Structures are given as structure tokens and as C-alpha cells.
>>> print(open('structure_16.cif').read())   # mmCIF, C-alpha atoms
data_coords
loop_
_atom_site.label_atom_id
_atom_site.label_comp_id
_atom_site.auth_asym_id
_atom_site.auth_seq_id
_atom_site.Cartn_x
_atom_site.Cartn_y
_atom_site.Cartn_z
CA MET A 9 29.55 63.38 31.42
CA LEU A 10 27.03 61.88 29.09
CA THR A 11 23.59 61.54 30.62
CA LEU A 12 20.77 59.47 29.12
CA GLU A 13 17.18 59.64 30.22
CA ILE A 14 14.92 56.75 29.32
CA ASN A 15 11.19 57.28 29.38
CA ALA A 16 9.59 53.84 29.74
CA GLU A 17 6.06 55.14 30.13
CA ASP A 18 5.05 54.14 26.60
CA SER A 19 6.56 50.65 26.92
CA LEU A 20 4.98 50.11 30.32
CA GLY A 21 1.65 51.19 28.90
CA LYS A 22 1.89 48.61 26.14
CA ILE A 23 2.88 45.89 28.60
CA ASN A 24 -0.09 46.79 30.80
CA SER A 25 -2.36 46.68 27.75
CA LEU A 26 -1.04 43.24 26.86
CA GLY A 27 -1.61 42.06 30.40
CA ALA A 28 -5.21 43.25 30.22
CA VAL A 29 -5.71 41.32 26.98
CA LEU A 30 -4.31 38.12 28.49
CA GLU A 31 -6.40 38.50 31.64
CA ASN A 32 -9.55 38.47 29.55
CA ALA A 33 -8.52 36.13 26.75
CA GLN A 34 -11.74 34.16 26.33
CA GLY A 35 -12.03 35.32 22.74
CA MET A 36 -8.51 34.09 21.98
CA TYR A 37 -9.12 30.72 23.57
CA GLY A 38 -12.42 30.42 21.73
CA GLU A 39 -10.58 30.94 18.45
CA ILE A 40 -7.98 28.34 19.47
CA ALA A 41 -10.74 25.83 20.29
CA GLY A 42 -12.35 26.43 16.90
CA MET A 43 -9.01 25.96 15.17
CA LEU A 44 -8.40 22.64 16.98
CA GLU A 45 -11.84 21.38 15.96
CA SER A 46 -11.27 22.42 12.34
CA GLU A 47 -7.90 20.65 12.27
CA THR A 48 -9.53 17.50 13.66
CA GLU A 49 -12.17 17.55 10.92
CA ALA A 50 -9.38 17.94 8.36
CA ASN A 51 -7.59 14.89 9.81
CA PHE A 52 -10.71 12.76 9.35
CA ALA A 53 -11.23 14.06 5.82
CA ALA A 54 -7.60 13.43 4.81
CA GLN A 55 -7.41 10.06 6.62
CA GLY A 56 -4.53 11.33 8.72
CA ARG A 57 -1.79 13.92 8.24
CA PRO A 58 0.52 12.06 7.74
CA ASP A 59 -1.55 9.14 6.45
CA TRP A 60 -2.92 6.75 9.05
CA ALA A 61 -1.95 3.07 9.08
CA PRO A 62 -4.09 1.25 6.46
CA MET A 63 -7.15 -0.75 7.37
CA ALA A 64 -6.56 -4.40 8.25
CA ALA A 65 -7.64 -6.94 5.62
CA ALA A 66 -10.02 -8.62 8.08
CA THR A 67 -11.71 -5.28 8.80
CA LYS A 68 -12.16 -4.63 5.08
CA ARG A 69 -13.77 -8.05 4.60
CA GLU A 70 -16.12 -7.46 7.53
CA ARG A 71 -17.22 -4.07 6.24
CA LEU A 72 -17.75 -5.34 2.71
CA LYS A 73 -19.82 -8.21 4.07
CA ARG A 74 -21.90 -5.90 6.26
CA ASN A 75 -22.43 -3.46 3.39
CA ASN A 76 -23.29 -6.20 0.87
CA GLY A 77 -20.15 -5.56 -1.17
CA GLY A 78 -20.61 -1.79 -1.16
CA SER A 79 -18.27 0.86 0.15
CA VAL A 80 -15.62 -0.06 2.72
CA LEU A 81 -15.96 3.50 4.13
CA LYS A 82 -13.09 5.50 5.57
CA LEU A 83 -10.85 4.73 8.51
CA LEU A 84 -12.40 5.58 11.90
CA GLN A 85 -15.68 6.45 10.16
CA ASP A 86 -17.67 3.23 10.14
CA ARG A 87 -20.72 4.58 11.98
CA GLY A 88 -19.50 8.12 12.62
CA ILE A 89 -19.60 7.75 16.41
CA LEU A 90 -15.99 8.74 17.04
CA ALA A 91 -16.03 11.83 14.83
CA ALA A 92 -19.35 12.94 16.34
CA SER A 93 -17.96 12.54 19.87
CA VAL A 94 -15.23 15.17 19.41
CA SER A 95 -16.02 18.37 21.30
CA THR A 96 -14.27 21.53 22.48
CA GLU A 97 -14.48 23.73 25.53
CA TYR A 98 -12.90 27.09 26.30
CA GLY A 99 -12.87 29.84 28.90
CA ALA A 100 -10.88 32.85 30.04
CA ASP A 101 -7.71 30.79 30.52
CA HIS A 102 -8.05 27.53 28.60
CA ALA A 103 -9.02 25.72 25.40
CA ILE A 104 -9.74 21.98 25.44
CA ILE A 105 -10.49 19.40 22.75
CA GLY A 106 -11.28 15.75 23.34
CA ALA A 107 -13.48 12.79 22.46
CA GLY A 108 -15.87 11.04 24.82
CA GLY A 109 -19.55 10.22 24.97
CA ALA A 110 -20.40 7.01 23.12
CA ALA A 111 -16.76 6.69 21.96
CA LYS A 112 -15.14 7.06 25.38
CA ASP A 113 -14.20 3.35 25.59
CA TYR A 114 -12.03 3.43 22.47
CA ALA A 115 -11.28 7.09 21.72
CA ALA A 116 -7.87 7.02 23.43
CA ALA A 117 -6.97 3.64 21.89
CA GLN A 118 -7.54 5.01 18.39
CA GLN A 119 -5.62 8.23 19.07
CA PHE A 120 -2.56 6.68 20.76
CA GLY A 121 -2.72 3.03 19.66
CA ALA A 122 -3.19 0.09 22.02
CA THR A 123 -2.81 -3.65 22.53
CA ILE A 124 -6.09 -5.33 23.46
CA ASN A 125 -5.76 -8.76 25.09
CA ARG A 126 -8.74 -11.08 24.65
CA ALA A 127 -9.21 -14.05 26.94
CA ALA A 128 -10.14 -17.47 25.56
CA TYR A 129 -13.87 -18.03 25.08
CA SER A 130 -16.40 -20.56 23.76
CA VAL A 131 -18.64 -19.94 20.79
CA LYS A 132 -21.73 -21.85 19.66
CA THR A 133 -22.35 -22.45 15.97
CA ARG A 134 -25.80 -23.43 14.63
CA LEU A 135 -25.79 -25.23 11.26
CA ARG A 136 -28.80 -26.28 9.21
CA THR A 137 -29.56 -29.94 8.62
CA ASP A 138 -32.07 -31.96 6.62
CA ARG A 139 -34.71 -34.13 8.29
CA LYS A 140 -32.23 -36.98 8.59
CA GLY A 141 -29.74 -34.82 10.47
CA ASN A 142 -27.31 -34.40 7.57
CA LEU A 143 -25.67 -31.00 7.25
CA LEU A 144 -26.94 -28.88 4.38
CA ARG A 145 -24.31 -27.56 1.98
CA GLN A 146 -24.11 -24.22 0.22
CA GLY A 147 -23.83 -25.91 -3.18
CA GLU A 148 -23.08 -29.12 -5.03
CA ASP A 149 -19.91 -28.12 -6.87
CA GLY A 150 -16.46 -26.83 -5.96
CA LYS A 151 -15.83 -25.30 -2.59
CA LYS A 152 -19.52 -24.77 -1.87
CA LYS A 153 -20.15 -28.49 -1.42
CA ASN A 154 -17.84 -28.41 1.62
CA LEU A 155 -19.40 -25.31 3.16
CA ALA A 156 -22.19 -25.71 5.68
CA VAL A 157 -25.22 -23.41 5.93
CA PHE A 158 -25.56 -21.31 9.07
CA ALA A 159 -28.93 -21.51 10.76
CA LYS A 160 -31.09 -18.62 11.90
CA ASP A 161 -32.90 -18.61 15.22
CA THR A 162 -36.13 -19.52 13.39
CA HIS A 163 -34.68 -22.71 11.87
CA LYS A 164 -35.64 -25.84 13.78
CA GLN A 165 -33.59 -28.51 11.97
CA VAL A 166 -30.13 -27.61 13.19
CA GLU A 167 -26.96 -29.06 14.60
CA GLU A 168 -25.27 -27.06 17.34
CA LYS A 169 -21.53 -27.19 17.90
CA TRP A 170 -19.33 -25.54 20.51
CA SER A 171 -15.78 -24.54 19.74
CA GLU A 172 -13.02 -22.86 21.70
CA VAL A 173 -11.31 -19.67 20.61
CA GLY A 174 -7.91 -19.32 22.23
CA ALA A 175 -6.59 -16.16 23.86
CA PHE A 176 -5.28 -13.60 21.41
CA SER A 177 -4.16 -9.97 21.16
CA ILE A 178 -5.29 -7.18 18.85
CA ASN A 179 -2.78 -4.44 18.07
CA LEU A 180 -4.38 -1.13 17.19
CA PRO A 181 -2.00 1.29 15.43
CA ALA A 182 -2.09 4.92 16.50
CA ARG A 183 -4.31 7.00 14.23
CA PRO A 184 -4.16 10.52 15.71
CA TYR A 185 -7.42 12.15 14.66
CA LEU A 186 -7.04 14.95 17.21
CA PRO A 187 -4.37 17.46 16.04
CA PHE A 188 -1.64 16.00 18.23
CA SER A 189 1.06 13.38 17.71
CA GLY A 190 2.92 11.30 20.27
CA GLY A 191 1.70 9.60 23.42
CA PRO A 192 -0.48 11.03 26.21
CA ASP A 193 2.60 12.10 28.17
CA ASN A 194 4.52 13.71 25.28
CA ALA A 195 1.82 14.89 22.87
CA LYS A 196 2.83 17.60 20.38
CA LEU A 197 0.68 19.74 18.15
CA GLN A 198 0.71 18.72 14.51
CA PRO A 199 2.73 21.19 12.40
CA GLY A 200 -0.30 22.76 10.74
CA ALA A 201 -2.11 23.25 14.05
CA GLU A 202 1.02 24.67 15.68
CA GLU A 203 1.45 27.21 12.90
CA LYS A 204 -2.17 28.35 13.21
CA LEU A 205 -1.88 28.54 17.00
CA LEU A 206 1.14 30.83 16.68
CA ASP A 207 -0.77 33.01 14.21
CA ILE A 208 -3.63 33.42 16.69
CA LEU A 209 -1.27 34.22 19.56
CA SER A 210 0.68 36.71 17.44
CA ARG A 211 -2.46 38.61 16.48
CA TYR A 212 -3.63 38.93 20.08
CA VAL A 213 -0.17 39.95 21.30
CA LEU A 214 0.19 42.60 18.58
CA ASN A 215 -3.29 43.94 19.32
CA GLY A 216 -2.41 44.10 22.99
CA LEU A 217 0.76 46.07 22.28
CA GLY A 218 -1.15 48.45 20.08
#
>>> encode(input="structure_16.cif", output="C-alpha cells")
Amino acid sequence: MLTLEINAEDSLGKINSLGAVLENAQGMYGEIAGMLESETEANFAAQGRPDWAPMAAATKRERLKRNNGGSVLKLLQDRGILAASVSTEYGADHAIIGAGGAAKDYAAAQQFGATINRAAYSVKTRLRTDRKGNLLRQGEDGKKKNLAVFAKDTHKQVEEKWSEVGAFSINLPARPYLPFSGGPDNAKLQPGAEEKLLDILSRYVLNGLG
């Protein structure tokens, strides 16, 4: 009769060592949190991986106007509030990344996309006039002779008009700046982040097994 004796002491010792590593894995989760933050910064720098939906023409015009014809700036980086709001947290059994603070009202809408419904509203326009009450024009030739001049609060010779803006919807495309794709219920790590996560896990597992 053939008899085999298996000594599992060494294997059990390695399993116990791995269990000890995973019970006190704050260092691993700290490294994961740092990796997620680095991947987020890379998404902002690359304007999405894959590329985010391009900026709407109206948004470009508004930024050029506000910057006096200068730089349009990058997507999701107009004032830097969103990027600055990204933070991480980690502990012995978790690693978290998210965006909140001053950007909490629109952080999720930018990550996952959203439809924003605006109700109808009234808007007042103040236009400059001459002393006889005639509207001033931006010029005497071409299109400018048909364009009125907007009045500042300090201007006293003005004509005020109210107009109605009908209800409308704004569709924000998803621009996943955090290293996840998909919706909030089926989010998946981006390929690069997933590969780096597996590298971190592999190192800690191998160290635990000795």
C-alpha cells in the first residue's frame, strides 16, 4: 500500500502570514488611495482617458468673452474648483476617493452626466439711450448700427425691457474625471487604474506569503 504524508505546516504558516497582512492593511489601502488620486490628476491633464466629450460652442464663446479673447482653458478646469475638491481617505480596511466641498452640487453631474431642467423665467435688460430716449447703437455701419448698447448700473439714461425665457433642458455629457467609468450603480475602474490596483495587491499578497 502506498502511503503519502502531507505536511501542511509551511503552507498554513504562509496563509496565517497573509491573514496578518490583510488584517493590518492600512499601508496597502494608503497606496491604493494615492494611486486613485494620481490617476484622477492624469485624467484632468489628458482631458479624459478616453477623451471627454468636447466643449460646447456656447461654453467656448462664454469663456473667450470672459477672458477677453484669451485662453478657453481646459474642460472641467475653468476655475479649478472641481479638481481641487477631489480628496482621498483610507484606513485599515478601505480606500475612498471622491469630490465634494465647493463642487458638491455638480461633481456627480460631471462624472456621470446629467440632464438639468430649467424652468421658464423673466429677465430684465437695461439698454442705454440718449437724452431723447432713443436707443444708442454700437456703431453707424454694418451690423453694429442694429446692435444696442447695454447699460451699467451707473448709467441713468436707460430703457428697461423684460423678456421671457422659456423652459429648457441642458444635457451634460459624462466626463469621468475620477478613475471610474459607467454609472453610479455599475462603476468600473479604468483599465490603467485596474492594472495598478492589481499590481499593489499582488505585491502585498506575495509579501504576505513570504
>>> closest_residue(input="structure_16.cif", among="A:Lys140, A:Glu70, A:Glu47, A:Asn179", to="Pro199 of chain A", atoms="all atoms listed in the file")
A:Glu47
>>> residues_around(input="structure_16.cif", residues="Ala100 of chain A", least_positions_apart="3", cutoff="8 Å", atoms="all atoms listed in the file", output="JSON, numbers by chain")
{"A": [31, 32, 33, 34, 35, 37]}
>>> closest_residue(input="structure_16.cif", among="A:Ile124, A:Leu44, A:Ala54, A:Ala65", to="Ser95 of chain A", atoms="all atoms listed in the file")
A:Leu44
>>> atom_distance(input="structure_16.cif", atom1="atom CA of Ala92 of chain A", atom2="atom CA of Glu202 of chain A")
23.5 Å
>>> resolve_selection(input="structure_16.cif", expression="the PyMOL selection byres ((chain A and resi 184-187) around 6)", output="PDB file with C-alpha atoms, in the frame of the given file")
ATOM      1  CA  THR A  48      -9.530  17.500  13.660  1.00  0.00           C
ATOM      2  CA  ASN A  51      -7.590  14.890   9.810  1.00  0.00           C
ATOM      3  CA  GLN A 119      -5.620   8.230  19.070  1.00  0.00           C
ATOM      4  CA  ARG A 183      -4.310   7.000  14.230  1.00  0.00           C
ATOM      5  CA  PHE A 188      -1.640  16.000  18.230  1.00  0.00           C
ATOM      6  CA  LEU A 197       0.680  19.740  18.150  1.00  0.00           C
ATOM      7  CA  GLN A 198       0.710  18.720  14.510  1.00  0.00           C
TER       8      GLN A 198
END
>>> closest_residue(input="structure_16.cif", among="A:Glu148, A:Glu167, A:Gly38, A:Val173", to="His102 of chain A", atoms="only C-alpha atoms")
A:Gly38
>>> resolve_selection(input="structure_16.cif", expression="the PyMOL selection byres ((chain A and resi 106) around 8)", output="list in words")
Val94, Ser95, Thr96, Ile104, Ile105, Ala107, Gly108 and Leu186 of chain A
>>> write_last_selection(input="structure_16.cif", atoms="C-alpha atoms", output="compact mmCIF listing (two decimals), in the coordinates of the input")
# COMPACT_ATOMS: atom_id res chain seq x y z
CA VAL A 94 -15.23 15.17 19.41
CA SER A 95 -16.02 18.37 21.30
CA THR A 96 -14.27 21.53 22.48
CA ILE A 104 -9.74 21.98 25.44
CA ILE A 105 -10.49 19.40 22.75
CA ALA A 107 -13.48 12.79 22.46
CA GLY A 108 -15.87 11.04 24.82
CA LEU A 186 -7.04 14.95 17.21
>>> resolve_selection(input="structure_16.cif", expression="the PyMOL selection byres ((chain A and resi 127-138) around 10)", output="VMD selection string")
chain A and resid 124 to 126 139 to 145 156 to 161 163 to 177
>>> atom_distance(input="structure_16.cif", atom1="atom CA of Asp101 of chain A", atom2="atom CA of Ala50 of chain A")
25.7 Å
>>> atom_distance(input="structure_16.cif", atom1="atom CA of Asp207 of chain A", atom2="atom CA of Ile40 of chain A")
10.1 Å
>>> closest_residue(input="structure_16.cif", among="A:Ala195, A:Leu205, A:Ala116, A:Ile178", to="Ala64 of chain A", atoms="all atoms listed in the file")
A:Ile178
>>> residues_around(input="structure_16.cif", residues="Ile208 of chain A", least_positions_apart="2", cutoff="10 Å", atoms="all atoms listed in the file", output="number ranges by chain")
A: 36-37, 39-40, 43, 202-206, 210-213
>>> closest_residue(input="structure_16.cif", among="A:Ala103, A:Leu83, A:Leu214, A:Ile89", to="Arg71 of chain A", atoms="only C-alpha atoms")
A:Leu83
>>> closest_residue(input="structure_16.cif", among="A:Gln118, A:Gln146, A:Ser93, A:Asn194", to="Gly56 of chain A", atoms="all atoms listed in the file")
A:Gln118
